[in-house]
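To keep things clear, I will list the structure first and then write my remarks on it.
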Amino acid sequence: MEFRQSSKLSEVCYEIRGPVIEHANALEEAGHSVLRLNTGNPALFGFEAPEEIVQDMIRMLPQAHGYTDSRGVLSARRAVAQRYQALGLDEVSVDDVFLGNGVSELVTMAVQALLEDGDEVLIPAPDFPLWTAVTTLSGGKAVHYTCDESADWYPDLDDMASKITDRTKAVVIINPNNPTGAVYPKEILEGILDLARRHGLMVFADEIYDQILYDDAVHHSVAALAPDLVVLTFCGLSKTYRVAGFRSGWLVVTGPQQHAKSYLEGLTMLASMRLCPNAPAQYAIQAALGGRQSIRELTAPGGRLHEQRDMAWRKLNEIPGVSCVKPKGALYAFARLDPKVHAIHDDEKFVLDLLLQEKIQVVQGTGFNWPRPDHFRILTLPYADDLDAAISRIGRFLSGYRQ
Ligand code: PLP
């Protein structure tokens, strides 16, 4: 008897934790130390969880052993609602908030609740690949709109408009963006929202990096820009509060909910099917959202994340044939390999060869649904000295690399 994976998975891919990991694990088992620059997990790079969050969770633990409401505990949903009220969304109430085991679970539920087979979702290229994977798994079709590297990686609105069909149901906006680090100006967001308005699209706003901003970057909440549209905003504790392992996120529904009654019933049913999110992690939310936001000290000039972003960007651009648009937000640098200098035909092989030779694990651009094998992503989470050394090694590797 052979058990085969479902054919529903045949088009689903998730390369950030993809097959190269097996090789990295094997190298570690053989005694090598591997620098893992593939997953945006702050805890691996010496970032501590904010003390008040951990203490609150510990304090609440004796009362956190039961199931909670499927949408999450009231105190945490209240804290989330107040966060969005402070952005001008006065109408947001606790009933509009769903908590989840990370944004990932909520993305899965939100897409599954919407799509019929063959429905299309506009998703950026490059993207955070969960959006494409979940759309495909839900029977939908991921239609990628191009983000333009020569225009600071902003979405190309003409390309987006040309890809809308009568099957398009929703548009995904990832801002600040993973993997590019772009932070979109208001005009670009308004352009996307205008398309959503004209074509009756639901808007999925993945804003998990909304507080991880550098230089003069300003984050505009899509929900606040378009109170007349049905917008689902996703955010959580994994990045800003450096507690990715707690698995704690939220989703806020805004806009004319009378047009989404059936959808929201479906979403509520999916929320109840997973019973409830992990309860102790829900108690971290109120502590996180109130009080001092320690992320700002890390992203301001002189802060650790700021310094590391500068180092990664500068060092990548020093490698002949490599260029990188300066990230204005998030925790990544998405580097371009000039095909005239580095003719790479298979970027997964490139990533594997780099791993085997230099013991550094990065993610290939095609893993983010970028259509050509000419980019790779690194994290800006390691200490600046470690990034300096790692990127020097990537440069050395590239100088002798041919495919
Ligand atoms: N959305 C984006 C853009 C991300 O980069 C990530 C994680 O890297 C997630 C969502 C998932 O986050 P969570 O840990 O809340 O599931």
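For the structure tokens, the naming scheme is as follows: chains receive sequential letters (A, B, ...) according to their order of presentation, residues are indexed from 1 within each chain, and ligands are indexed from 1 in presentation order.
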Residues within 9 Å of ligand 1, counting only C-alpha atoms and all ligand atoms, as a VMD selection string: chain A and resid 39 to 41 100 to 107 127 to 131 174 to 179 206 to 209 234 to 239 243 to 250 330 to 331
Members of region 189-337 of chain A assigned alpha helix (DSSP H) by DSSP, as a ChimeraX atom specification: /A:189-199,222-225,261-273,279-289,295-299,304-318
Skipping near chain neighbours, those fewer than 3 positions away, what residues fall within 12 Å of Asp156 (chain A) using only C-alpha atoms, listed as an mmCIF file with C-alpha atoms, in the first residue's frame?
```cif
data_model
loop_
_atom_site.group_PDB
_atom_site.id
_atom_site.type_symbol
_atom_site.label_atom_id
_atom_site.label_comp_id
_atom_site.auth_asym_id
_atom_site.auth_seq_id
_atom_site.Cartn_x
_atom_site.Cartn_y
_atom_site.Cartn_z
ATOM 1 C CA ILE A 123 -0.794 38.597 -5.623
ATOM 2 C CA PRO A 124 2.473 40.527 -5.917
ATOM 3 C CA ALA A 125 5.546 39.107 -7.644
ATOM 4 C CA HIS A 144 0.870 37.704 -10.080
ATOM 5 C CA TYR A 145 1.163 41.438 -10.615
ATOM 6 C CA THR A 146 4.655 42.782 -11.119
ATOM 7 C CA CYS A 147 6.430 44.929 -8.608
ATOM 8 C CA ASP A 148 8.901 47.125 -10.433
ATOM 9 C CA GLU A 149 12.477 46.922 -9.212
ATOM 10 C CA SER A 150 13.428 50.064 -11.152
ATOM 11 C CA ALA A 151 10.689 51.968 -9.264
ATOM 12 C CA ASP A 152 11.669 51.015 -5.705
ATOM 13 C CA TRP A 153 9.754 47.754 -6.096
ATOM 14 C CA ASP A 159 0.215 45.499 -15.042
ATOM 15 C CA MET A 160 -2.231 44.920 -12.201
ATOM 16 C CA ALA A 161 -5.121 46.484 -14.130
ATOM 17 C CA SER A 162 -4.347 44.381 -17.205
ATOM 18 C CA LYS A 163 -4.625 41.186 -15.153
ATOM 19 C CA TYR A 184 4.408 51.900 -0.507
ATOM 20 C CA ILE A 188 0.355 53.704 -5.023
ATOM 21 C CA LEU A 189 -1.982 52.296 -2.379
ATOM 22 C CA GLY A 191 -4.174 53.394 -7.127
ATOM 23 C CA ILE A 192 -4.602 49.771 -6.024
#
```
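Shortest separation to Tyr241 (chain A) among A:Ile295, A:Met57, A:Leu381, A:Leu114 occurs at residue A:Ile295, atoms counted being only C-alpha atoms.
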Shortest interatomic distance to Pro373 (chain A) - which of A:Pro155, A:Pro339, A:Gly46, A:Gly140, counting only C-alpha atoms: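 Once distances to Pro373 (chain A) are computed over only C-alpha atoms, the minimum belongs to A:Pro339.
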Secondary structure check, strand (DSSP E or B) residues of region 75-229 of chain A, as a ChimeraX atom specification: /A:97-100,120-125,141-148,154-155,168-174,202-206,213
Store the residues picked out above in a file with C-alpha atoms, as a PDB file, in the first residue's frame.
```pdb
ATOM      1  CA  VAL A  97     -11.250  41.017  15.169  1.00  0.00           C
ATOM      2  CA  PHE A  98     -10.204  37.381  14.782  1.00  0.00           C
ATOM      3  CA  LEU A  99      -7.112  36.102  16.570  1.00  0.00           C
ATOM      4  CA  GLY A 100      -5.063  33.285  15.110  1.00  0.00           C
ATOM      5  CA  GLU A 120      -8.417  34.522  -9.205  1.00  0.00           C
ATOM      6  CA  VAL A 121      -6.449  36.461  -6.613  1.00  0.00           C
ATOM      7  CA  LEU A 122      -4.016  39.222  -7.518  1.00  0.00           C
ATOM      8  CA  ILE A 123      -0.794  38.597  -5.623  1.00  0.00           C
ATOM      9  CA  PRO A 124       2.473  40.527  -5.917  1.00  0.00           C
ATOM     10  CA  ALA A 125       5.546  39.107  -7.644  1.00  0.00           C
ATOM     11  CA  LYS A 141      -5.584  30.796  -9.306  1.00  0.00           C
ATOM     12  CA  ALA A 142      -2.780  33.072  -8.155  1.00  0.00           C
ATOM     13  CA  VAL A 143      -2.344  35.829 -10.725  1.00  0.00           C
ATOM     14  CA  HIS A 144       0.870  37.704 -10.080  1.00  0.00           C
ATOM     15  CA  TYR A 145       1.163  41.438 -10.615  1.00  0.00           C
ATOM     16  CA  THR A 146       4.655  42.782 -11.119  1.00  0.00           C
ATOM     17  CA  CYS A 147       6.430  44.929  -8.608  1.00  0.00           C
ATOM     18  CA  ASP A 148       8.901  47.125 -10.433  1.00  0.00           C
ATOM     19  CA  TYR A 154       6.373  49.511  -6.113  1.00  0.00           C
ATOM     20  CA  PRO A 155       3.477  47.598  -7.711  1.00  0.00           C
ATOM     21  CA  THR A 168     -10.768  38.168  -9.953  1.00  0.00           C
ATOM     22  CA  LYS A 169     -12.045  38.120  -6.381  1.00  0.00           C
ATOM     23  CA  ALA A 170      -9.370  39.801  -4.306  1.00  0.00           C
ATOM     24  CA  VAL A 171      -6.095  41.670  -4.305  1.00  0.00           C
ATOM     25  CA  VAL A 172      -3.255  41.041  -1.847  1.00  0.00           C
ATOM     26  CA  ILE A 173      -1.102  43.972  -0.717  1.00  0.00           C
ATOM     27  CA  ILE A 174       2.013  43.171   1.321  1.00  0.00           C
ATOM     28  CA  MET A 202     -11.882  42.223  -1.546  1.00  0.00           C
ATOM     29  CA  VAL A 203      -8.592  43.612  -0.219  1.00  0.00           C
ATOM     30  CA  PHE A 204      -6.202  41.463   1.808  1.00  0.00           C
ATOM     31  CA  ALA A 205      -3.679  43.759   3.497  1.00  0.00           C
ATOM     32  CA  ASP A 206      -0.729  41.856   4.965  1.00  0.00           C
ATOM     33  CA  LEU A 213      10.261  51.023   9.115  1.00  0.00           C
TER      34      LEU A 213
END
```
Shortest interatomic distance to Leu229 (chain A) - which of A:Ile212, A:Ile21, A:Gly255, A:Lys326, counting only C-alpha atoms: A:Gly255
Distance of CA of Leu9 (chain A) from CA of Pro371 (chain A), expressed in Å to one decimal place: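 These two atoms are separated by 20.3 Å.
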Using only C-alpha atoms: which of A:Ala287, A:Ala312, A:Leu115, A:Glu187 has the shortest distance to Ala49 (chain A):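 Using only C-alpha atoms, Ala49 (chain A) sits closest to A:Ala287.
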All residues 7 Å or closer to Ser75 (chain A), only C-alpha atoms, same chain fewer than 3 positions away omitted, as a list in words: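 With the cut-off at 7 Å, the set is Arg78, Ala79 and Gln286 of chain A.
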CA of Leu270 (chain A) to CA of Met109 (chain A), distance in Å rounded to a single decimal: 6.3 Å
Residue neighbourhood Met273 (chain A), 9 Å, only C-alpha atoms, exclusion window fewer than 4 positions, as a ChimeraX atom specification: /A:70,268-269
Saved selection, atoms kept: C-alpha atoms, as an mmCIF file, in the first residue's frame:
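Full text of result-v2.cif as output:
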```cif
data_model
loop_
_atom_site.group_PDB
_atom_site.id
_atom_site.type_symbol
_atom_site.label_atom_id
_atom_site.label_comp_id
_atom_site.auth_asym_id
_atom_site.auth_seq_id
_atom_site.Cartn_x
_atom_site.Cartn_y
_atom_site.Cartn_z
ATOM 1 C CA SER A 70 -13.057 30.884 18.591
ATOM 2 C CA THR A 268 -16.439 32.431 11.508
ATOM 3 C CA MET A 269 -17.174 28.778 10.782
#
```
Counting only C-alpha atoms, the option among A:Val253, A:Ala26, A:Ala133, A:Ile344 closest to Phe368 (chain A):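 Going through A:Val253, A:Ala26, A:Ala133, A:Ile344 one by one, the smallest distance to Phe368 (chain A) is for A:Ala133.
Among A:Gly200, A:Pro185, A:Gly395, A:Gly72, the residue with the shortest atom-to-atom distance to His259 (chain A), counting only C-alpha atoms, is A:Gly200.
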